[in-house]
2 protein chains.
Amino acid sequence: MKKIVIIGGCAAGPKTAAKAKRVNPEHKIELYTMENIVSYSACGMPYYIEGSVPSAENLIIRKPEDFEKQGINIFLNHKCTKILPNEKTVILNAGDESKKVSYDELVLCIGSKPYTPKIKNINLKNIFHLKVLEDGIKIKEKMGQSKNVIMLGAGYIAIELLEGFVKNGLNVTIIERGREIMTQFDPEISAIIREHIIQKDGKQVHFIMEDEIVEFLGKEEFEGVVTKNGKTLHADFCVIAAGVVPNVELAREAGIEIGITGAIKVDNRMRTNIPHIWAAGDCTEETCLITRKPLYAALGTIANKQGRVVGINVNTDENGVYEAFEGILGSAVTKYFNFSMSTTGLTETAAKRYAQHANIEPISATITKRDKAGYMPGSNNITIKVVADKRTGELLGAQAVGAGDADKRIYTITSALRANLTVSEFLHLDLTYSPAFSSTIDPLLTAAYKLKDLIDK
Amino acid sequence: MKKIVIIGGCAAGPKTAAKAKRVNPEHKIELYTMENIVSYSACGMPYYIEGSVPSAENLIIRKPEDFEKQGINIFLNHKCTKILPNEKTVILNAGDESKKVSYDELVLCIGSKPYTPKIKNINLKNIFHLKVLEDGIKIKEKMGQSKNVIMLGAGYIAIELLEGFVKNGLNVTIIERGREIMTQFDPEISAIIREHIIQKDGKQVHFIMEDEIVEFLGKEEFEGVVTKNGKTLHADFCVIAAGVVPNVELAREAGIEIGITGAIKVDNRMRTNIPHIWAAGDCTEETCLITRKPLYAALGTIANKQGRVVGINVNTDENGVYEAFEGILGSAVTKYFNFSMSTTGLTETAAKRYAQHANIEPISATITKRDKAGYMPGSNNITIKVVADKRTGELLGAQAVGAGDADKRIYTITSALRANLTVSEFLHLDLTYSPAFSSTIDPLLTAAYKLKDLIDK
């Protein structure tokens, strides 16, 4: 029997608790979270704001009482303020009280926090982040009373919020520093996404690219922004959706090693450098399975997988059989209404960057094709870009966007990347076919054929 | 320059012609077909009958003039009656005329024909097969005048026609010899499909299982059937959808080797045993990539892939670089309205049969889960069954059915099977995640987790 203390209650924490308890019901497990709820789908918040998920309650996966039934103790509204590794103890604040809690194994699932640029007057009322459920509830409330919103950033969260704001009749101005939105894609693929949004909802959505907010206007409440390029814009509220950074101060102070990405460094068992301290979820850095270099990805699916691995491994001793978390591919997906965008592995941009240090020669092919037989009702275009190494023929990554069935096709590439399939091997894949689901030669294979021709040239 | 003669004009033939011409525009290519059209989607016929594809014209992929423009000569209404390998000549009948055509390379794309059981009065009017476009047009016409139909067989084509008949208001009785429909799936998965159909459309659809038609009733026109179990049933017309068999008489007479499945045996370049005679599409047998044993699958996607391979290889000499067609996984998909059913690799049934000859121990896990986050509107259940070898942990196959997004998830397994991934490797796949597309742990991975637990037991 061990006493396992888990800090963090969104995804990795609850998963660790549940798995550890299932593997060994003898464990005493205590989970502390600074929020007033536990175990919820943070990724679902944009759809709650949008209105397709009717209540914030729907996002709650398991309630504290569900955990208690399983013999796991949940402590809400507890903020961990210090880790004392030598004493195997943590210090927690609950309201005005402070307490010391000892552990045999400590699991840090302390997550990420919104990246907050240094901008004048950033603490005005009605400037929001979207990180915890409370943020989502506040944004939804404000959205209901508003006509205009300014969004800083143009990544996944921004696109998901954009759908919600447009659906609810708002005019949205997106201000983005970079040349393109959705930089997890190659620029010409991002351009397809942006053009689609403009074509569909250009009356409500305005992109201001290569500019940034230098000042927020207003006395107590947000009234507008001034940009670097000299634009002054007014709106009812502002959302900062400029990505997240790992939440590591607590770990750093305790002497836990921080990796090159700024997140907690863990080995493939999810152990930190300090004995009996583990980490999982948005606070950790991962290894890219292709480059074998550190990569940071704050995603619910990774948090869940890592929680499962920690839950297994806290039961094993140094020499026992353990479950390894080998790494990630940077896979991600989102949608704008029925237009989906999905990616796995390296973009061409990332592959070229990688090629400066590795012996690879990136090559790519892009095709646009109907997602099912062209004569079937409801068939739609999808654009697929595949990237490979010209020297070995091995696949490096793929991106798929479009109103058609794009997202799950990227699953196929994920599987292929995991197994180091070459383009020549991939293009023979015996994919299922029916005109209701695909063309006789699936768009994935058409893209692979094109890439093979380029490799053979 | 070679003179390439292709016999067959549906899928493999046109693909061979187009690819061979692209690889070497110097070739003289002649394609002969007994039909009055060329290059059409036979797989789309059920959707033409159903009405979602408005016209039979929509199913035509390329017209003779499109081929002629590319420099390929198309001969419609030409039936090949004899191959003379020693003279490198074929004999063709066109109407009352007969002609001899010489070749440098001959490609047989002579397809398959409906399996026709020996039943009394099978030649009555209004007993149909669905093989060529003309059949589709006749069935659609008859359907429009009818209220009741009897179908013999319960495989892919039967299920696709069933959707069309139900949509058009007909009462359908399906008579099937076996214990379950859709025998490409394990029985308990087929049962889920059948139960779904009955639950949705039980008023119109009646299954008579473990019975067979012994006599067709009627004088000139079909009036009904008598079954082995003594049932007499009346209907306006009947469709025999009991599968297809390869069309090989022409090849057999010419001394071309026929494989154990009854289809033409080819090597991995798609060569028959006779020099300068190739075969592709529904008339050939394939190799199962898992068992390495012969497998017969008459599918448009395979025909297209093989046509491409022949089109490349007719250009290479004995010692040149060639494109190999290594084999198939038996992947297939169809749907009944929004309920999809998809399979790849071995079912548990097939794996157990295989285990009698090979050193494997099949094990399986089945899960039912929402296809996306349960709180998202439009999320639906899917059932996934994964099969592996307990001894090595290697995946052997998977089946997915349900009203949710099932079909493309099977693509992921296809990729994994091609690369011999183990369950332990598969369950870590970094699949893309967003609540609009999946649960944090995709149903595929949930199935793999369950299977891993069973393997480790």
# chains A, B, ... in the order shown; residues from 1 in each chain; ligands from 1
>>> residues_around(residues="Met270 of chain A", least_positions_apart="5", cutoff="7 Å", atoms="only C-alpha atoms", output="PDB file with N, CA and C atoms, in the first residue's frame")
ATOM      1  N   TRP A 278       6.327  12.226  -9.959  1.00  0.00           N
ATOM      2  CA  TRP A 278       5.945  11.953 -11.333  1.00  0.00           C
ATOM      3  C   TRP A 278       5.234  13.181 -11.910  1.00  0.00           C
ATOM      4  N   ALA A 279       5.126  13.242 -13.210  1.00  0.00           N
ATOM      5  CA  ALA A 279       4.342  14.330 -13.800  1.00  0.00           C
ATOM      6  C   ALA A 279       3.619  13.811 -15.039  1.00  0.00           C
ATOM      7  N   ALA A 280       2.458  14.394 -15.301  1.00  0.00           N
ATOM      8  CA  ALA A 280       1.666  13.973 -16.466  1.00  0.00           C
ATOM      9  C   ALA A 280       0.775  15.122 -16.923  1.00  0.00           C
ATOM     10  N   VAL A 310       1.073   6.673 -15.798  1.00  0.00           N
ATOM     11  CA  VAL A 310       1.513   6.914 -14.416  1.00  0.00           C
ATOM     12  C   VAL A 310       0.748   6.005 -13.467  1.00  0.00           C
TER      13      VAL A 310
END
>>> interface_residues(of="chain A", to="chain B", cutoff="7 Å", atoms="only C-alpha atoms", output="JSON, numbers by chain")
{"A": [43, 44, 52, 53, 58, 59, 300, 301, 304, 328, 329, 331, 332, 333, 334, 375, 376, 377, 408, 409, 411, 412, 414, 415, 416, 419, 429, 430, 431, 432, 433, 434, 435, 440, 441]}
>>> select_by_dssp(residues="segment 261-443 of chain A", states="strand (DSSP E or B)", output="VMD selection string")
chain A and resid 264 271 277 to 279 284 286 to 288 294 to 295 328 332 to 336 339 to 345 362 to 370 381 to 389 394 to 402 422
>>> closest_residue(among="B:Asn121, B:Asn229, B:Thr33, B:Thr347", to="Cys80 of chain B", atoms="only C-alpha atoms")
B:Thr33
>>> select_by_dssp(residues="segment 237-267 of chain B", states="alpha helix (DSSP H)", output="number ranges by chain")
B: 249-253
>>> residues_around(residues="Asn73 of chain A", least_positions_apart="2", cutoff="7 Å", atoms="only C-alpha atoms", output="list in words")
Ile29, Glu30, Leu31, Phe67, Glu68, Gly71 and Phe75 of chain A
>>> write_last_selection(atoms="all heavy atoms", output="PDB file, in the first residue's frame")
ATOM      1  N   ILE A  29      -5.341   7.078  -2.078  1.00  0.00           N
ATOM      2  CA  ILE A  29      -5.129   8.099  -3.108  1.00  0.00           C
ATOM      3  C   ILE A  29      -5.848   9.384  -2.755  1.00  0.00           C
ATOM      4  O   ILE A  29      -7.047   9.383  -2.446  1.00  0.00           O
ATOM      5  CB  ILE A  29      -5.594   7.573  -4.490  1.00  0.00           C
ATOM      6  CG1 ILE A  29      -4.775   6.321  -4.856  1.00  0.00           C
ATOM      7  CG2 ILE A  29      -5.448   8.658  -5.562  1.00  0.00           C
ATOM      8  CD1 ILE A  29      -5.116   5.717  -6.190  1.00  0.00           C
ATOM      9  N   GLU A  30      -5.083  10.471  -2.778  1.00  0.00           N
ATOM     10  CA  GLU A  30      -5.667  11.789  -2.504  1.00  0.00           C
ATOM     11  C   GLU A  30      -5.395  12.698  -3.689  1.00  0.00           C
ATOM     12  O   GLU A  30      -4.258  12.834  -4.128  1.00  0.00           O
ATOM     13  CB  GLU A  30      -5.051  12.389  -1.235  1.00  0.00           C
ATOM     14  CG  GLU A  30      -5.371  11.563   0.005  1.00  0.00           C
ATOM     15  CD  GLU A  30      -4.768  12.145   1.282  1.00  0.00           C
ATOM     16  OE1 GLU A  30      -3.934  13.089   1.177  1.00  0.00           O
ATOM     17  OE2 GLU A  30      -5.119  11.657   2.361  1.00  0.00           O
ATOM     18  N   LEU A  31      -6.453  13.308  -4.203  1.00  0.00           N
ATOM     19  CA  LEU A  31      -6.310  14.232  -5.330  1.00  0.00           C
ATOM     20  C   LEU A  31      -6.704  15.639  -4.888  1.00  0.00           C
ATOM     21  O   LEU A  31      -7.803  15.852  -4.368  1.00  0.00           O
ATOM     22  CB  LEU A  31      -7.168  13.762  -6.517  1.00  0.00           C
ATOM     23  CG  LEU A  31      -7.001  14.558  -7.829  1.00  0.00           C
ATOM     24  CD1 LEU A  31      -7.275  13.650  -9.023  1.00  0.00           C
ATOM     25  CD2 LEU A  31      -7.896  15.779  -7.883  1.00  0.00           C
ATOM     26  N   PHE A  67     -15.561   9.473  -7.538  1.00  0.00           N
ATOM     27  CA  PHE A  67     -14.214   9.075  -7.119  1.00  0.00           C
ATOM     28  C   PHE A  67     -14.234   8.520  -5.698  1.00  0.00           C
ATOM     29  O   PHE A  67     -13.572   7.531  -5.410  1.00  0.00           O
ATOM     30  CB  PHE A  67     -13.255  10.273  -7.201  1.00  0.00           C
ATOM     31  CG  PHE A  67     -12.913  10.656  -8.614  1.00  0.00           C
ATOM     32  CD1 PHE A  67     -13.627  11.646  -9.273  1.00  0.00           C
ATOM     33  CD2 PHE A  67     -11.887  10.015  -9.295  1.00  0.00           C
ATOM     34  CE1 PHE A  67     -13.317  12.005 -10.581  1.00  0.00           C
ATOM     35  CE2 PHE A  67     -11.573  10.369 -10.604  1.00  0.00           C
ATOM     36  CZ  PHE A  67     -12.293  11.362 -11.253  1.00  0.00           C
ATOM     37  N   GLU A  68     -14.999   9.183  -4.848  1.00  0.00           N
ATOM     38  CA  GLU A  68     -15.060   8.738  -3.451  1.00  0.00           C
ATOM     39  C   GLU A  68     -15.560   7.291  -3.384  1.00  0.00           C
ATOM     40  O   GLU A  68     -15.043   6.480  -2.623  1.00  0.00           O
ATOM     41  CB  GLU A  68     -15.984   9.660  -2.620  1.00  0.00           C
ATOM     42  CG  GLU A  68     -15.559  11.144  -2.583  1.00  0.00           C
ATOM     43  CD  GLU A  68     -14.363  11.446  -1.662  1.00  0.00           C
ATOM     44  OE1 GLU A  68     -13.992  10.581  -0.850  1.00  0.00           O
ATOM     45  OE2 GLU A  68     -13.795  12.557  -1.785  1.00  0.00           O
ATOM     46  N   GLY A  71     -13.063   4.945  -3.732  1.00  0.00           N
ATOM     47  CA  GLY A  71     -12.066   4.983  -2.658  1.00  0.00           C
ATOM     48  C   GLY A  71     -10.970   6.005  -2.891  1.00  0.00           C
ATOM     49  O   GLY A  71      -9.891   5.927  -2.304  1.00  0.00           O
ATOM     50  N   PHE A  75     -10.054  16.539  -2.983  1.00  0.00           N
ATOM     51  CA  PHE A  75     -10.048  17.786  -2.218  1.00  0.00           C
ATOM     52  C   PHE A  75     -10.138  18.960  -3.178  1.00  0.00           C
ATOM     53  O   PHE A  75      -9.168  19.249  -3.885  1.00  0.00           O
ATOM     54  CB  PHE A  75      -8.773  17.876  -1.368  1.00  0.00           C
ATOM     55  CG  PHE A  75      -8.635  16.756  -0.371  1.00  0.00           C
ATOM     56  CD1 PHE A  75      -8.062  15.535  -0.746  1.00  0.00           C
ATOM     57  CD2 PHE A  75      -9.094  16.912   0.930  1.00  0.00           C
ATOM     58  CE1 PHE A  75      -7.944  14.498   0.178  1.00  0.00           C
ATOM     59  CE2 PHE A  75      -8.978  15.873   1.862  1.00  0.00           C
ATOM     60  CZ  PHE A  75      -8.410  14.662   1.483  1.00  0.00           C
TER      61      PHE A  75
END
>>> atom_distance(atom1="atom CA of Ile110 of chain A", atom2="atom CA of Ile137 of chain A")
21.4 Å
>>> atom_distance(atom1="atom CA of Asn247 of chain A", atom2="atom CA of Met182 of chain A")
23.0 Å
>>> residues_around(residues="Asp96 of chain B", least_positions_apart="6", cutoff="12 Å", atoms="only C-alpha atoms", output="list in words")
Asn77, His78 and Lys79 of chain B
>>> write_last_selection(atoms="N, CA, C and O atoms", output="PDB file, in the first residue's frame")
ATOM      1  N   ASN B  77     -18.971  -3.511 -77.375  1.00  0.00           N
ATOM      2  CA  ASN B  77     -19.737  -4.646 -77.921  1.00  0.00           C
ATOM      3  C   ASN B  77     -18.857  -5.694 -78.598  1.00  0.00           C
ATOM      4  O   ASN B  77     -19.267  -6.314 -79.587  1.00  0.00           O
ATOM      5  N   HIS B  78     -17.679  -5.881 -78.089  1.00  0.00           N
ATOM      6  CA  HIS B  78     -16.770  -6.908 -78.606  1.00  0.00           C
ATOM      7  C   HIS B  78     -16.577  -7.979 -77.531  1.00  0.00           C
ATOM      8  O   HIS B  78     -16.076  -7.677 -76.455  1.00  0.00           O
ATOM      9  N   LYS B  79     -16.962  -9.192 -77.881  1.00  0.00           N
ATOM     10  CA  LYS B  79     -16.820 -10.269 -76.911  1.00  0.00           C
ATOM     11  C   LYS B  79     -15.631 -11.144 -77.309  1.00  0.00           C
ATOM     12  O   LYS B  79     -15.576 -11.657 -78.426  1.00  0.00           O
TER      13      LYS B  79
END
>>> closest_residue(among="B:Leu106, B:Asp317, B:Glu253, B:Lys390", to="Asp456 of chain B", atoms="only C-alpha atoms")
B:Lys390
>>> closest_residue(among="B:Ala350, B:Val149, B:Asn123, B:Ala358", to="Glu221 of chain B", atoms="only C-alpha atoms")
B:Asn123
>>> atom_distance(atom1="atom CA of Gly164 of chain A", atom2="atom CA of Val132 of chain A")
17.3 Å
>>> decode(residues="segment 371-407 of chain B", atoms="N, CA, C and O atoms", output="JSON list (two decimals), in the first residue's frame")
[["chain", "number", "residue", "atom", "x", "y", "z"],
["B", 371, "ASP", "N", -18.82, 7.67, -30.71],
["B", 371, "ASP", "CA", -17.78, 7.99, -31.71],
["B", 371, "ASP", "C", -17.11, 9.32, -31.46],
["B", 371, "ASP", "O", -16.03, 9.58, -31.96],
["B", 372, "LYS", "N", -17.79, 10.21, -30.71],
["B", 372, "LYS", "CA", -17.16, 11.46, -30.30],
["B", 372, "LYS", "C", -17.51, 11.69, -28.83],
["B", 372, "LYS", "O", -18.12, 10.82, -28.21],
["B", 373, "ALA", "N", -17.12, 12.86, -28.29],
["B", 373, "ALA", "CA", -17.44, 13.11, -26.88],
["B", 373, "ALA", "C", -18.94, 12.96, -26.68],
["B", 373, "ALA", "O", -19.74, 13.48, -27.47],
["B", 374, "GLY", "N", -19.32, 12.24, -25.65],
["B", 374, "GLY", "CA", -20.73, 11.94, -25.40],
["B", 374, "GLY", "C", -21.60, 13.18, -25.29],
["B", 374, "GLY", "O", -22.79, 13.13, -25.57],
["B", 375, "TYR", "N", -21.00, 14.31, -24.86],
["B", 375, "TYR", "CA", -21.80, 15.53, -24.68],
["B", 375, "TYR", "C", -22.01, 16.30, -25.98],
["B", 375, "TYR", "O", -22.74, 17.28, -26.00],
["B", 376, "MET", "N", -21.34, 15.86, -27.07],
["B", 376, "MET", "CA", -21.48, 16.59, -28.33],
["B", 376, "MET", "C", -22.76, 16.15, -29.04],
["B", 376, "MET", "O", -23.09, 14.97, -29.07],
["B", 377, "PRO", "N", -23.46, 17.11, -29.65],
["B", 377, "PRO", "CA", -24.66, 16.72, -30.39],
["B", 377, "PRO", "C", -24.27, 15.80, -31.55],
["B", 377, "PRO", "O", -23.22, 15.98, -32.16],
["B", 378, "GLY", "N", -25.11, 14.81, -31.83],
["B", 378, "GLY", "CA", -24.85, 13.94, -32.97],
["B", 378, "GLY", "C", -23.85, 12.83, -32.69],
["B", 378, "GLY", "O", -23.46, 12.12, -33.61],
["B", 379, "SER", "N", -23.44, 12.68, -31.43],
["B", 379, "SER", "CA", -22.54, 11.56, -31.15],
["B", 379, "SER", "C", -23.36, 10.28, -31.19],
["B", 379, "SER", "O", -24.54, 10.26, -30.85],
["B", 380, "ASN", "N", -22.74, 9.21, -31.65],
["B", 380, "ASN", "CA", -23.44, 7.94, -31.85],
["B", 380, "ASN", "C", -22.56, 6.78, -31.43],
["B", 380, "ASN", "O", -21.34, 6.88, -31.46],
["B", 381, "ASN", "N", -23.18, 5.67, -31.11],
["B", 381, "ASN", "CA", -22.42, 4.50, -30.72],
["B", 381, "ASN", "C", -21.75, 3.82, -31.91],
["B", 381, "ASN", "O", -22.31, 3.78, -33.00],
["B", 382, "ILE", "N", -20.56, 3.32, -31.67],
["B", 382, "ILE", "CA", -19.96, 2.38, -32.62],
["B", 382, "ILE", "C", -19.45, 1.18, -31.84],
["B", 382, "ILE", "O", -19.09, 1.29, -30.66],
["B", 383, "THR", "N", -19.45, 0.04, -32.49],
["B", 383, "THR", "CA", -18.92, -1.18, -31.87],
["B", 383, "THR", "C", -17.67, -1.57, -32.64],
["B", 383, "THR", "O", -17.70, -1.64, -33.87],
["B", 384, "ILE", "N", -16.60, -1.76, -31.91],
["B", 384, "ILE", "CA", -15.33, -2.14, -32.54],
["B", 384, "ILE", "C", -14.86, -3.47, -31.96],
["B", 384, "ILE", "O", -14.85, -3.65, -30.74],
["B", 385, "LYS", "N", -14.51, -4.38, -32.85],
["B", 385, "LYS", "CA", -13.92, -5.65, -32.42],
["B", 385, "LYS", "C", -12.52, -5.73, -32.99],
["B", 385, "LYS", "O", -12.32, -5.55, -34.19],
["B", 386, "VAL", "N", -11.55, -5.97, -32.15],
["B", 386, "VAL", "CA", -10.17, -6.14, -32.62],
["B", 386, "VAL", "C", -9.72, -7.56, -32.32],
["B", 386, "VAL", "O", -10.06, -8.14, -31.28],
["B", 387, "VAL", "N", -8.97, -8.12, -33.26],
["B", 387, "VAL", "CA", -8.50, -9.50, -33.15],
["B", 387, "VAL", "C", -6.98, -9.48, -33.22],
["B", 387, "VAL", "O", -6.40, -8.76, -34.03],
["B", 388, "ALA", "N", -6.33, -10.25, -32.35],
["B", 388, "ALA", "CA", -4.87, -10.31, -32.35],
["B", 388, "ALA", "C", -4.42, -11.74, -32.08],
["B", 388, "ALA", "O", -5.23, -12.63, -31.79],
["B", 389, "ASP", "N", -3.12, -11.94, -32.21],
["B", 389, "ASP", "CA", -2.50, -13.21, -31.87],
["B", 389, "ASP", "C", -1.95, -13.10, -30.46],
["B", 389, "ASP", "O", -1.07, -12.29, -30.20],
["B", 390, "LYS", "N", -2.49, -13.89, -29.56],
["B", 390, "LYS", "CA", -2.10, -13.81, -28.14],
["B", 390, "LYS", "C", -0.59, -14.08, -27.98],
["B", 390, "LYS", "O", 0.05, -13.53, -27.09],
["B", 391, "ARG", "N", -0.03, -14.91, -28.86],
["B", 391, "ARG", "CA", 1.38, -15.29, -28.68],
["B", 391, "ARG", "C", 2.34, -14.16, -28.98],
["B", 391, "ARG", "O", 3.31, -13.95, -28.26],
["B", 392, "THR", "N", 2.08, -13.43, -30.05],
["B", 392, "THR", "CA", 3.00, -12.35, -30.44],
["B", 392, "THR", "C", 2.45, -10.97, -30.12],
["B", 392, "THR", "O", 3.18, -9.99, -30.14],
["B", 393, "GLY", "N", 1.16, -10.90, -29.84],
["B", 393, "GLY", "CA", 0.53, -9.60, -29.61],
["B", 393, "GLY", "C", 0.21, -8.85, -30.89],
["B", 393, "GLY", "O", -0.32, -7.75, -30.86],
["B", 394, "GLU", "N", 0.53, -9.44, -32.04],
["B", 394, "GLU", "CA", 0.29, -8.74, -33.31],
["B", 394, "GLU", "C", -1.20, -8.68, -33.66],
["B", 394, "GLU", "O", -1.92, -9.65, -33.50],
["B", 395, "LEU", "N", -1.60, -7.53, -34.16],
["B", 395, "LEU", "CA", -2.98, -7.37, -34.63],
["B", 395, "LEU", "C", -3.22, -8.27, -35.83],
["B", 395, "LEU", "O", -2.34, -8.43, -36.69],
["B", 396, "LEU", "N", -4.42, -8.82, -35.93],
["B", 396, "LEU", "CA", -4.79, -9.67, -37.07],
["B", 396, "LEU", "C", -5.94, -9.08, -37.88],
["B", 396, "LEU", "O", -6.10, -9.40, -39.05],
["B", 397, "GLY", "N", -6.76, -8.25, -37.23],
["B", 397, "GLY", "CA", -7.88, -7.67, -37.96],
["B", 397, "GLY", "C", -8.80, -6.88, -37.05],
["B", 397, "GLY", "O", -8.62, -6.86, -35.83],
["B", 398, "ALA", "N", -9.77, -6.21, -37.66],
["B", 398, "ALA", "CA", -10.73, -5.43, -36.88],
["B", 398, "ALA", "C", -12.02, -5.24, -37.67],
["B", 398, "ALA", "O", -12.02, -5.26, -38.91],
["B", 399, "GLN", "N", -13.09, -5.08, -36.93],
["B", 399, "GLN", "CA", -14.40, -4.80, -37.51],
["B", 399, "GLN", "C", -15.00, -3.63, -36.74],
["B", 399, "GLN", "O", -14.83, -3.53, -35.54],
["B", 400, "ALA", "N", -15.70, -2.77, -37.46],
["B", 400, "ALA", "CA", -16.37, -1.64, -36.79],
["B", 400, "ALA", "C", -17.74, -1.45, -37.42],
["B", 400, "ALA", "O", -17.87, -1.42, -38.64],
["B", 401, "VAL", "N", -18.75, -1.34, -36.59],
["B", 401, "VAL", "CA", -20.11, -1.10, -37.09],
["B", 401, "VAL", "C", -20.80, -0.06, -36.21],
["B", 401, "VAL", "O", -20.47, 0.09, -35.05],
["B", 402, "GLY", "N", -21.76, 0.64, -36.81],
["B", 402, "GLY", "CA", -22.54, 1.55, -35.99],
["B", 402, "GLY", "C", -23.01, 2.77, -36.74],
["B", 402, "GLY", "O", -22.60, 3.03, -37.88],
["B", 403, "ALA", "N", -23.90, 3.51, -36.08],
["B", 403, "ALA", "CA", -24.43, 4.73, -36.67],
["B", 403, "ALA", "C", -23.41, 5.86, -36.55],
["B", 403, "ALA", "O", -23.53, 6.88, -37.21],
["B", 404, "GLY", "N", -22.39, 5.68, -35.75],
["B", 404, "GLY", "CA", -21.35, 6.69, -35.61],
["B", 404, "GLY", "C", -20.29, 6.54, -36.68],
["B", 404, "GLY", "O", -20.42, 5.76, -37.62],
["B", 405, "ASP", "N", -19.24, 7.33, -36.50],
["B", 405, "ASP", "CA", -18.15, 7.41, -37.47],
["B", 405, "ASP", "C", -17.25, 6.18, -37.32],
["B", 405, "ASP", "O", -16.24, 6.20, -36.62],
["B", 406, "ALA", "N", -17.63, 5.09, -37.99],
["B", 406, "ALA", "CA", -16.93, 3.81, -37.81],
["B", 406, "ALA", "C", -15.95, 3.52, -38.93],
["B", 406, "ALA", "O", -14.86, 3.01, -38.70],
["B", 407, "ASP", "N", -16.33, 3.86, -40.16],
["B", 407, "ASP", "CA", -15.60, 3.31, -41.31],
["B", 407, "ASP", "C", -14.14, 3.73, -41.39],
["B", 407, "ASP", "O", -13.26, 2.90, -41.58]]
